[in-house]
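**Q** I'm passing along start.csv; it holds CSV, C-alpha atoms and all ligand atoms.
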```csv
chain,number,residue,atom,x,y,z
A,1,MET,CA,0.0,0.0,0.0
A,2,ARG,CA,1.2,3.5,-0.8
A,3,ILE,CA,0.4,6.3,1.6
A,4,PHE,CA,0.1,9.8,0.3
A,5,ALA,CA,0.1,12.6,2.9
A,6,PRO,CA,1.2,16.3,3.4
A,7,ASP,CA,4.7,16.8,4.7
A,8,PHE,CA,3.5,17.8,8.2
A,9,SER,CA,1.5,14.6,8.7
A,10,GLU,CA,4.2,13.0,10.9
A,11,ASN,CA,4.2,16.0,13.2
A,12,PHE,CA,0.5,16.1,13.9
A,13,ARG,CA,-0.4,15.5,17.5
A,14,CYS,CA,-3.9,16.1,18.9
A,15,LEU,CA,-3.9,18.9,21.4
A,16,GLY,CA,-6.3,17.0,23.6
A,17,GLY,CA,-7.4,18.9,26.8
A,18,VAL,CA,-5.7,22.2,25.7
A,19,CYS,CA,-7.3,22.4,22.3
A,20,PRO,CA,-8.9,25.8,21.8
A,21,ASP,CA,-11.7,24.4,19.6
A,22,ASN,CA,-12.0,20.7,20.6
A,23,CYS,CA,-13.8,18.5,18.0
A,24,CYS,CA,-15.6,16.7,20.8
A,25,ARG,CA,-17.5,20.0,21.5
A,26,GLN,CA,-18.8,20.7,18.0
A,27,GLY,CA,-22.1,18.8,18.3
A,28,TRP,CA,-21.2,16.6,15.4
A,29,GLN,CA,-22.9,13.3,15.0
A,30,ILE,CA,-20.4,10.5,15.8
A,31,ASP,CA,-21.5,7.1,14.3
A,32,ILE,CA,-19.8,4.1,15.9
A,33,ASP,CA,-18.5,1.4,13.6
A,34,GLU,CA,-19.7,-2.2,14.1
A,35,ALA,CA,-16.3,-3.5,15.4
A,36,HIS,CA,-16.1,-0.8,18.1
A,37,LEU,CA,-19.7,-1.1,19.0
A,38,ALA,CA,-19.2,-4.7,19.8
A,39,GLN,CA,-16.0,-3.8,21.8
A,40,TYR,CA,-17.9,-1.2,23.8
A,41,ARG,CA,-20.8,-3.6,24.5
A,42,ALA,CA,-18.4,-6.0,26.0
A,43,LEU,CA,-16.3,-3.5,27.9
A,44,PRO,CA,-16.2,-4.4,31.6
A,45,GLY,CA,-16.4,-2.2,34.7
A,46,GLU,CA,-17.3,1.4,35.3
A,47,LEU,CA,-15.9,2.6,31.9
A,48,GLY,CA,-18.0,0.0,30.1
A,49,GLU,CA,-21.2,1.2,31.9
A,50,ARG,CA,-20.3,4.9,31.1
A,51,VAL,CA,-19.6,4.2,27.4
A,52,ARG,CA,-22.8,2.1,27.0
A,53,ALA,CA,-24.9,4.9,28.6
A,54,ALA,CA,-23.5,7.3,26.0
A,55,ILE,CA,-24.4,5.1,23.0
A,56,THR,CA,-27.6,6.1,21.2
A,57,GLN,CA,-29.2,4.9,18.0
A,58,ASP,CA,-27.5,7.9,16.3
A,59,GLY,CA,-24.1,7.2,17.7
A,60,LEU,CA,-22.5,8.9,20.7
A,61,LYS,CA,-24.8,11.0,22.8
A,62,MET,CA,-24.2,14.8,22.7
A,63,GLU,CA,-25.1,17.0,25.7
A,64,ARG,CA,-25.5,20.6,24.6
A,65,GLY,CA,-23.2,20.0,21.7
A,66,VAL,CA,-20.5,18.2,23.8
A,67,CYS,CA,-19.7,14.5,23.6
A,68,ALA,CA,-21.3,12.9,26.7
A,69,LEU,CA,-18.1,11.0,27.4
A,70,LEU,CA,-15.8,14.0,27.5
A,71,ASP,CA,-14.1,14.4,30.9
A,72,GLU,CA,-13.8,17.8,32.6
A,73,ASP,CA,-10.1,17.9,31.7
A,74,GLY,CA,-11.1,17.9,28.0
A,75,LEU,CA,-9.8,14.4,27.5
A,76,CYS,CA,-11.6,11.2,26.4
A,77,PRO,CA,-11.9,8.5,29.0
A,78,ILE,CA,-11.7,5.8,26.2
A,79,VAL,CA,-8.2,7.1,25.2
A,80,LYS,CA,-7.1,7.3,28.8
A,81,ALA,CA,-8.1,3.7,29.5
A,82,LEU,CA,-7.5,2.0,26.1
A,83,GLY,CA,-5.3,4.3,24.1
A,84,GLU,CA,-6.2,5.7,20.7
A,85,ASP,CA,-6.9,2.3,19.3
A,86,GLY,CA,-9.9,2.1,21.6
A,87,LEU,CA,-11.6,5.0,19.7
A,88,CYS,CA,-14.3,4.3,17.2
A,89,ARG,CA,-13.2,4.8,13.6
A,90,ILE,CA,-14.5,8.4,13.2
A,91,CYS,CA,-12.9,9.7,16.4
A,92,HIS,CA,-9.7,7.8,15.6
A,93,THR,CA,-9.5,9.2,12.1
A,94,HIS,CA,-10.4,12.9,12.8
A,95,PRO,CA,-9.1,15.4,11.7
A,96,ARG,CA,-7.9,13.3,8.8
A,97,PHE,CA,-9.9,12.7,5.6
A,98,ILE,CA,-8.8,9.2,4.5
A,99,GLU,CA,-9.4,8.3,0.9
A,100,GLN,CA,-8.6,5.0,-0.8
A,101,TYR,CA,-7.8,4.9,-4.5
A,102,GLY,CA,-6.9,1.3,-5.3
A,103,GLY,CA,-3.5,0.6,-3.8
A,104,VAL,CA,-3.1,4.2,-2.7
A,105,ARG,CA,-4.3,5.6,0.6
A,106,GLU,CA,-4.5,9.4,0.7
A,107,ILE,CA,-4.5,11.3,4.0
A,108,HIS,CA,-5.7,14.9,4.1
A,109,TYR,CA,-6.3,17.1,7.1
A,110,SER,CA,-9.3,19.1,8.0
A,111,LEU,CA,-8.6,22.8,8.8
A,112,SER,CA,-11.4,22.6,11.3
A,113,CYS,CA,-8.8,21.3,13.7
A,114,PRO,CA,-6.7,24.1,15.1
A,115,GLU,CA,-3.5,22.0,15.2
A,116,ALA,CA,-3.9,20.8,11.6
A,117,ALA,CA,-4.6,24.5,10.6
A,118,ARG,CA,-1.5,25.6,12.4
A,119,LEU,CA,0.7,23.0,10.7
A,120,SER,CA,-0.8,23.9,7.4
A,121,LEU,CA,-0.6,27.6,7.6
A,122,ALA,CA,2.1,28.7,10.1
A,123,ARG,CA,4.9,28.1,7.6
A,124,SER,CA,6.5,30.0,4.8
A,125,GLU,CA,7.9,27.1,2.7
A,126,PRO,CA,5.7,25.5,0.1
A,127,ILE,CA,3.7,22.4,1.2
A,128,SER,CA,5.0,19.2,-0.2
A,129,PHE,CA,3.5,15.7,-0.1
A,130,THR,CA,5.2,12.4,0.9
A,131,GLU,CA,4.6,8.9,-0.5
A,132,THR,CA,5.6,5.9,1.6
A,133,VAL,CA,5.2,2.3,0.8
A,134,THR,CA,3.9,-0.1,3.6
A,135,ASP,CA,3.6,-3.9,3.8
A,136,GLU,CA,-0.2,-3.6,4.1
A,137,PRO,CA,-1.7,-5.8,1.4
A,138,ILE,CA,-4.3,-4.3,-1.0
A,139,THR,CA,-7.5,-6.3,-0.3
A,140,GLU,CA,-10.3,-4.1,-1.6
A,141,PRO,CA,-11.3,-4.4,-5.3
A,142,ASN,CA,-11.7,-1.2,-7.1
A,143,GLU,CA,-13.1,0.0,-10.4
A,144,ILE,CA,-10.7,2.8,-11.1
A,145,ASP,CA,-9.7,3.4,-14.7
A,146,PRO,CA,-5.9,3.3,-14.3
A,147,ASP,CA,-5.3,5.6,-17.3
A,148,GLU,CA,-7.8,8.2,-16.0
A,149,TYR,CA,-6.3,8.0,-12.5
A,150,LEU,CA,-2.7,8.5,-13.8
A,151,ALA,CA,-3.9,11.5,-15.8
A,152,LEU,CA,-5.5,13.0,-12.7
A,153,MET,CA,-2.3,12.5,-10.7
A,154,GLN,CA,-0.4,14.2,-13.5
A,155,LEU,CA,-2.7,17.2,-13.6
A,156,ARG,CA,-2.8,17.4,-9.8
A,157,LYS,CA,0.9,17.6,-9.7
A,158,PHE,CA,0.9,20.4,-12.3
A,159,ALA,CA,-1.9,22.3,-10.6
A,160,ILE,CA,0.0,22.3,-7.3
A,161,GLN,CA,3.2,23.4,-9.0
A,162,LEU,CA,1.3,26.2,-10.7
A,163,MET,CA,0.0,27.4,-7.4
A,164,GLN,CA,3.5,27.4,-5.9
A,165,GLN,CA,5.0,29.6,-8.6
A,166,ARG,CA,5.7,32.5,-6.3
A,167,ARG,CA,7.1,34.7,-9.0
A,168,ILE,CA,3.5,35.0,-10.2
A,169,PRO,CA,1.0,37.1,-8.1
A,170,ILE,CA,-1.5,34.8,-6.4
A,171,ARG,CA,-4.5,36.3,-8.2
A,172,ASP,CA,-2.8,35.5,-11.5
A,173,ARG,CA,-2.0,32.0,-10.3
A,174,LEU,CA,-5.7,31.5,-9.5
A,175,ALA,CA,-6.8,32.9,-12.8
A,176,LEU,CA,-4.4,30.5,-14.6
A,177,LEU,CA,-5.7,27.6,-12.5
A,178,ILE,CA,-9.3,28.3,-13.4
A,179,SER,CA,-8.3,28.6,-17.1
A,180,PHE,CA,-6.4,25.3,-16.8
A,181,SER,CA,-9.5,23.6,-15.3
A,182,VAL,CA,-11.5,24.4,-18.5
A,183,LYS,CA,-8.8,23.2,-20.9
A,184,VAL,CA,-7.8,20.0,-19.0
A,185,GLN,CA,-11.5,19.0,-18.7
A,186,ARG,CA,-11.9,19.0,-22.5
A,187,LEU,CA,-9.0,16.5,-22.6
A,188,LEU,CA,-10.5,14.3,-19.9
A,189,ASP,CA,-13.9,14.4,-21.6
A,190,GLY,CA,-12.3,13.2,-24.8
A,191,LYS,CA,-10.1,10.6,-23.0
A,192,ARG,CA,-7.1,12.4,-24.5
A,193,TYR,CA,-4.9,11.6,-21.5
A,194,GLY,CA,-1.7,11.8,-23.5
A,195,SER,CA,-2.4,15.5,-24.3
A,196,ILE,CA,-2.3,16.5,-20.6
A,197,LYS,CA,1.4,16.6,-20.4
A,198,PRO,CA,1.8,18.9,-23.4
A,199,LEU,CA,-1.0,21.1,-22.0
A,200,CYS,CA,0.9,21.4,-18.7
A,201,ARG,CA,4.0,22.3,-20.6
A,202,LEU,CA,2.1,25.0,-22.4
A,203,TYR,CA,1.0,26.6,-19.1
A,204,LYS,CA,4.7,26.7,-18.1
A,205,SER,CA,5.4,29.1,-20.9
A,206,ALA,CA,5.5,32.7,-19.8
A,207,ASP,CA,4.2,33.8,-23.2
A,208,TYR,CA,1.2,31.5,-23.1
A,209,ARG,CA,0.4,32.6,-19.5
A,210,ARG,CA,0.6,36.2,-20.5
A,211,ARG,CA,-1.9,35.6,-23.4
A,212,ILE,CA,-4.4,34.0,-21.0
A,213,LEU,CA,-4.1,36.8,-18.5
A,214,THR,CA,-4.5,39.4,-21.2
A,215,ARG,CA,-7.7,37.7,-22.4
A,216,TYR,CA,-9.1,37.8,-18.8
A,217,ARG,CA,-8.2,41.4,-18.2
A,218,ARG,CA,-11.6,42.8,-19.2
A,219,ILE,CA,-13.5,40.4,-16.9
A,220,ARG,CA,-11.2,41.0,-14.0
A,221,LYS,CA,-11.5,44.8,-14.4
A,222,ARG,CA,-15.2,44.5,-13.9
A,223,GLY,CA,-14.8,42.8,-10.5
A,224,ALA,CA,-17.5,40.7,-9.0
A,225,SER,CA,-20.1,40.9,-6.2
A,226,PHE,CA,-19.7,38.4,-3.4
A,227,LEU,CA,-23.5,38.0,-3.3
A,228,PRO,CA,-23.8,34.8,-5.4
A,229,ASP,CA,-21.1,33.3,-3.2
A,230,ILE,CA,-22.9,34.3,0.0
A,231,THR,CA,-26.1,32.7,-1.4
A,232,LEU,CA,-24.2,29.5,-2.2
A,233,LEU,CA,-22.5,29.4,1.1
A,234,ARG,CA,-25.7,29.7,3.1
A,235,THR,CA,-26.5,26.2,4.3
A,236,PRO,CA,-29.9,25.6,5.8
A,237,ASN,CA,-28.5,24.0,8.9
A,238,ALA,CA,-25.3,25.9,9.8
A,239,LEU,CA,-23.2,24.0,12.4
A,240,THR,CA,-21.8,27.2,14.0
A,241,LYS,CA,-23.4,30.5,15.0
A,242,GLU,CA,-20.5,32.4,13.7
A,243,PHE,CA,-20.7,31.3,10.0
A,244,PRO,CA,-24.1,32.8,9.2
A,245,ARG,CA,-23.1,35.9,11.2
A,246,PHE,CA,-20.0,36.3,9.1
A,247,LEU,CA,-21.9,35.8,5.9
A,248,GLN,CA,-24.4,38.5,7.0
A,249,LYS,CA,-21.5,40.8,7.6
A,250,ALA,CA,-20.1,40.0,4.2
A,251,VAL,CA,-23.5,41.0,2.6
A,252,PHE,CA,-22.9,44.6,3.7
A,253,THR,CA,-19.3,44.8,2.6
A,254,ARG,CA,-19.8,43.1,-0.7
A,255,ASN,CA,-19.1,46.2,-2.8
A,256,GLU,CA,-16.0,47.2,-1.0
A,257,SER,CA,-12.8,46.8,-3.0
A,258,THR,CA,-10.9,43.8,-1.6
A,259,PRO,CA,-7.4,44.0,-3.0
A,260,PHE,CA,-5.2,41.0,-2.7
A,261,ASP,CA,-2.7,41.8,0.0
A,262,ARG,CA,0.8,40.5,-0.4
A,263,GLU,CA,1.0,39.3,3.2
A,264,ASN,CA,-1.7,36.7,2.7
A,265,GLU,CA,-0.4,35.3,-0.5
A,266,VAL,CA,1.5,32.4,1.1
A,267,ASN,CA,-1.6,31.4,3.1
A,268,LEU,CA,-3.8,31.5,0.0
A,269,GLU,CA,-1.3,29.4,-1.8
A,270,HIS,CA,-1.2,26.8,1.0
A,271,LEU,CA,-5.0,26.6,1.2
A,272,THR,CA,-5.4,26.1,-2.5
A,273,VAL,CA,-2.7,23.5,-2.6
A,274,LEU,CA,-4.3,21.5,0.2
A,275,TRP,CA,-7.7,21.6,-1.4
A,276,LEU,CA,-6.4,20.7,-4.8
A,277,ALA,CA,-4.5,17.8,-3.4
A,278,HIS,CA,-7.6,16.5,-1.6
A,279,TYR,CA,-10.2,17.0,-4.2
A,280,ILE,CA,-8.7,16.4,-7.6
A,281,PRO,CA,-8.4,12.6,-7.2
A,282,LYS,CA,-12.1,12.5,-6.4
A,283,ALA,CA,-12.7,13.1,-10.1
A,284,VAL,CA,-12.1,9.3,-10.5
A,285,ASN,CA,-15.8,9.0,-9.4
A,286,ASP,CA,-17.3,11.3,-12.0
A,287,GLY,CA,-14.6,12.1,-14.5
A,288,ASN,CA,-14.9,15.9,-13.7
A,289,ALA,CA,-11.6,17.4,-12.5
A,290,ALA,CA,-12.7,20.9,-13.5
A,291,THR,CA,-15.4,21.1,-10.8
A,292,LYS,CA,-12.8,19.9,-8.2
A,293,ILE,CA,-10.3,22.5,-9.2
A,294,ARG,CA,-12.9,25.2,-9.1
A,295,PHE,CA,-14.1,24.0,-5.7
A,296,ALA,CA,-10.5,24.4,-4.4
A,297,ALA,CA,-10.2,27.9,-6.0
A,298,TYR,CA,-13.6,28.8,-4.7
A,299,LEU,CA,-12.9,27.9,-1.1
A,300,THR,CA,-9.7,30.0,-1.3
A,301,LEU,CA,-11.5,33.0,-2.7
A,302,CYS,CA,-14.3,32.7,-0.1
A,303,ALA,CA,-11.7,32.4,2.7
A,304,ARG,CA,-10.0,35.6,1.5
A,305,ARG,CA,-13.3,37.6,1.0
A,306,LEU,CA,-14.6,36.5,4.4
A,307,CYS,CA,-11.3,37.5,6.1
A,308,VAL,CA,-11.5,40.9,4.5
A,309,CYS,CA,-15.2,41.4,5.4
A,310,THR,CA,-14.9,40.2,9.0
A,311,GLY,CA,-11.3,41.0,9.9
A,312,GLU,CA,-10.9,37.4,11.2
A,313,GLU,CA,-7.7,35.3,10.8
A,314,ILE,CA,-7.5,33.1,7.7
A,315,ALA,CA,-7.0,30.0,9.8
A,316,HIS,CA,-10.2,30.6,11.7
A,317,ILE,CA,-12.2,31.3,8.5
A,318,SER,CA,-10.8,28.2,6.7
A,319,GLY,CA,-11.7,26.2,9.8
A,320,LEU,CA,-15.3,27.4,9.5
A,321,LEU,CA,-15.4,26.6,5.8
A,322,ALA,CA,-14.2,23.1,6.6
A,323,LYS,CA,-16.9,22.6,9.3
A,324,GLU,CA,-19.7,24.1,7.3
A,325,ILE,CA,-18.9,22.8,3.8
A,326,GLU,CA,-16.2,20.1,3.7
A,327,HIS,CA,-17.5,17.9,6.5
A,328,ASN,CA,-20.8,17.4,4.7
A,329,SER,CA,-20.3,15.2,1.7
A,330,GLU,CA,-23.8,16.1,0.3
A,331,THR,CA,-23.0,19.8,0.5
A,332,VAL,CA,-19.6,19.1,-1.3
A,333,SER,CA,-21.4,17.2,-4.1
A,334,LEU,CA,-23.8,20.1,-4.5
A,335,PHE,CA,-20.8,22.4,-5.0
A,336,TYR,CA,-19.4,20.1,-7.6
A,337,LYS,CA,-22.7,20.2,-9.5
A,338,THR,CA,-22.9,23.9,-9.2
A,339,PHE,CA,-19.4,24.4,-10.6
A,340,GLU,CA,-20.3,22.5,-13.8
A,341,ASN,CA,-22.0,25.8,-14.8
A,342,PRO,CA,-19.4,28.0,-16.7
A,343,PHE,CA,-20.9,31.1,-14.9
A,344,TRP,CA,-18.8,30.2,-11.9
A,345,ALA,CA,-15.5,30.0,-13.7
A,346,LYS,CA,-16.1,33.5,-15.1
A,347,HIS,CA,-17.4,34.7,-11.7
A,348,MET,CA,-14.2,33.5,-9.9
A,349,ILE,CA,-12.0,35.1,-12.5
A,350,ALA,CA,-13.9,38.4,-12.1
A,351,GLN,CA,-13.1,38.2,-8.3
A,352,LEU,CA,-9.4,38.2,-9.1
A,353,GLU,CA,-9.5,42.0,-9.7
A,354,GLU,CA,-6.3,43.6,-10.9
B,401,LIG,S1,-9.7,19.6,17.1
B,401,LIG,FE1,-7.8,18.6,16.6
B,401,LIG,S2,-6.3,19.2,18.2
B,401,LIG,FE2,-8.4,19.7,18.9
B,401,LIG,S3,-9.1,17.9,20.1
B,401,LIG,FE3,-9.8,17.6,18.0
B,401,LIG,S4,-8.2,16.4,16.9
B,401,LIG,FE4,-7.3,17.2,18.8
```
Translate this structure into structure tokens?
**A**
Amino acid sequence: MRIFAPDFSENFRCLGGVCPDNCCRQGWQIDIDEAHLAQYRALPGELGERVRAAITQDGLKMERGVCALLDEDGLCPIVKALGEDGLCRICHTHPRFIEQYGGVREIHYSLSCPEAARLSLARSEPISFTETVTDEPITEPNEIDPDEYLALMQLRKFAIQLMQQRRIPIRDRLALLISFSVKVQRLLDGKRYGSIKPLCRLYKSADYRRRILTRYRRIRKRGASFLPDITLLRTPNALTKEFPRFLQKAVFTRNESTPFDRENEVNLEHLTVLWLAHYIPKAVNDGNAATKIRFAAYLTLCARRLCVCTGEEIAHISGLLAKEIEHNSETVSLFYKTFENPFWAKHMIAQLEE
């Protein structure tokens, strides 16, 4: 088995009782997998009784948004007694998103976790990814088209490289990325995987990039209202009180000029890179890499606009986006669907005002 993960993966340690935004206090539904359910049912002693009392039909019981098992010191009694292996799969995995693509397991981190956000953003050097090979046998069958998968890996690598070209202003990198999403999708649709490498080479040419940016100049000069984005981001059941409040604030500042400030460039780069790395491979499920690239660019643009409108730190805003959008697979699928509409590619480019 090959394991793909960001370079900070080995350094991740849960902050436990000193975490400023503990995931056990978010009111999330925690389903317990069958194996752990059986283990908890057989658990002897006081801990066994406590754990069983906290199990409901919907998973672990929440008391006013806090996991009923959480001790006053902010630690989990299951971890204290049994170690991390005693945790059910969801708790053990969080804040990681673990995806399986045939013989490759990908590990990505949710920015809803303050420690994952710190490791992702409190750095100046570009984020890289590691691939390690383990002895774990590949047991699950898969229906992945190997040619399509390799093409996606190739275009992901290029999209990440493009976002890390620091000689190019971040707003231009994002404009080029959105343009790339349109062109590469045409190749994927026609199964012209062999043409992806030449396309990437084309985007490495300064001349070609200049031509694309010149073509976009008129759209970018017009600028874009944040209103369609606010409408899209409004989810009927917001998990946090802050998110709808911030969106409301953004409604009233939507016409303000929001120039890209140089200081935030590195953070915007890191965010886009993490999101591209996580979402592009998911195109193996529907053949549409463009919507995944646009989703990554969109989240970055929303994080930036919400920071400007609220004055909040980017780590905090991206954590909220993770909680409200990324943790709900149905919401994410709706976003993919939405970004099939070419309006959004143009709208995102218009947000990249010069
Ligand atoms: S949010 Fe992250 S650091 Fe905080 S308790 Fe959860 S896993 Fe640990």
**Q** Please write out the residues within 8 Å of ligand LIG 401 (chain B) as a list in words, counting all atoms listed in the file.
**A**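 Using all atoms listed in the file, everything at most 8 Å from ligand LIG 401 (chain B) comes to Arg13, Cys14, Leu15, Gly16, Gly17, Val18, Cys19, Pro20, Asp21, Asn22, Cys23, Cys24, His94, Pro95, Ser112, Cys113, Pro114, Glu115 and Ala116 of chain A.
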**Q** CA of Phe97 (chain A) and CA of Glu140 (chain A) are how many Å apart?
**A** 18.3 Å
**Q** Which residues are near region 128-136 of chain A? Cut-off 7 Å, only C-alpha atoms, ignore same chain within fewer than 3 positions. Put them as a ChimeraX atom specification.
**A** /A:1-7
**Q** Separation of CA of Ile219 (chain A) and CA of Phe339 (chain A), in Å?
**A** 18.2 Å
**Q** Mind giving me the straight-line distance from CA of Lys191 (chain A) to CA of Leu334 (chain A) in Å, one decimal?
**A**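 That distance, rounded to one decimal, is 24.9 Å.
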**Q** Gly194 (chain A): which residues within 10 Å, counting all atoms listed in the file, same-chain residues fewer than 5 positions away excluded, as a ChimeraX atom specification?
**A** /A:147,151,187-188,199
**Q** Name all residues at most 7 Å from Glu353 (chain A) (count only C-alpha atoms; drop same-chain ones fewer than 6 positions away) and give them as number ranges by chain.
**A** A: 220-221, 223
**Q** So that I can check the surroundings of Arg218 (chain A), please list as a ChimeraX atom specification every protein, DNA and RNA residue that reaches within 12 Å of it, counting all atoms listed in the file and ignoring chain neighbours fewer than 5 positions away.
**A** /A:212-213,223-224,346,349-354
**Q** Residues within 8 Å of Tyr279 (chain A), please, as a PyMOL selection string. Count only C-alpha atoms; anything in the same chain fewer than 6 positions from it doesn't count.
**A** chain A and resi 292-293+296
**Q** Tell me which of A:Gln29, A:Asn288, A:Thr93, A:Gln248 sits closest to Asn328 (chain A), counting only C-alpha atoms.
**A**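 Going through A:Gln29, A:Asn288, A:Thr93, A:Gln248 one by one, the smallest distance to Asn328 (chain A) is for A:Gln29.
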**Q** Taking into account all atoms listed in the file, which residue in the set A:Leu268, A:Ile280, A:Cys67, A:Ala289 is nearest to Ala303 (chain A)?
**A**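 Closest candidate: A:Leu268.
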**Q** Determine the nearest neighbour of Asn267 (chain A) from the options A:Arg192, A:Arg305, A:Arg217, A:Arg123, counting all atoms listed in the file.
**A**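 For Asn267 (chain A), the nearest of the candidates is A:Arg123.
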**Q** May I ask which of the residues A:Lys282, A:Arg25, A:Arg262, A:Arg173 is the closest one to Leu69 (chain A), counting all atoms listed in the file?
**A**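 Residue with the minimum atom-to-atom distance to Leu69 (chain A): A:Arg25.
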**Q** Give the answer as one residue: which of A:Leu233, A:Glu312, A:Trp28, A:Trp344 has the shortest atom-to-atom distance to Ala297 (chain A), using only C-alpha atoms?
**A**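 Comparing A:Leu233, A:Glu312, A:Trp28, A:Trp344 against Ala297 (chain A), the winner is A:Trp344.
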**Q** Using only C-alpha atoms, can you tell me which of A:Ser124, A:Thr240, A:Ser318, A:Thr139 comes closest to Val104 (chain A)?
**A** A:Thr139
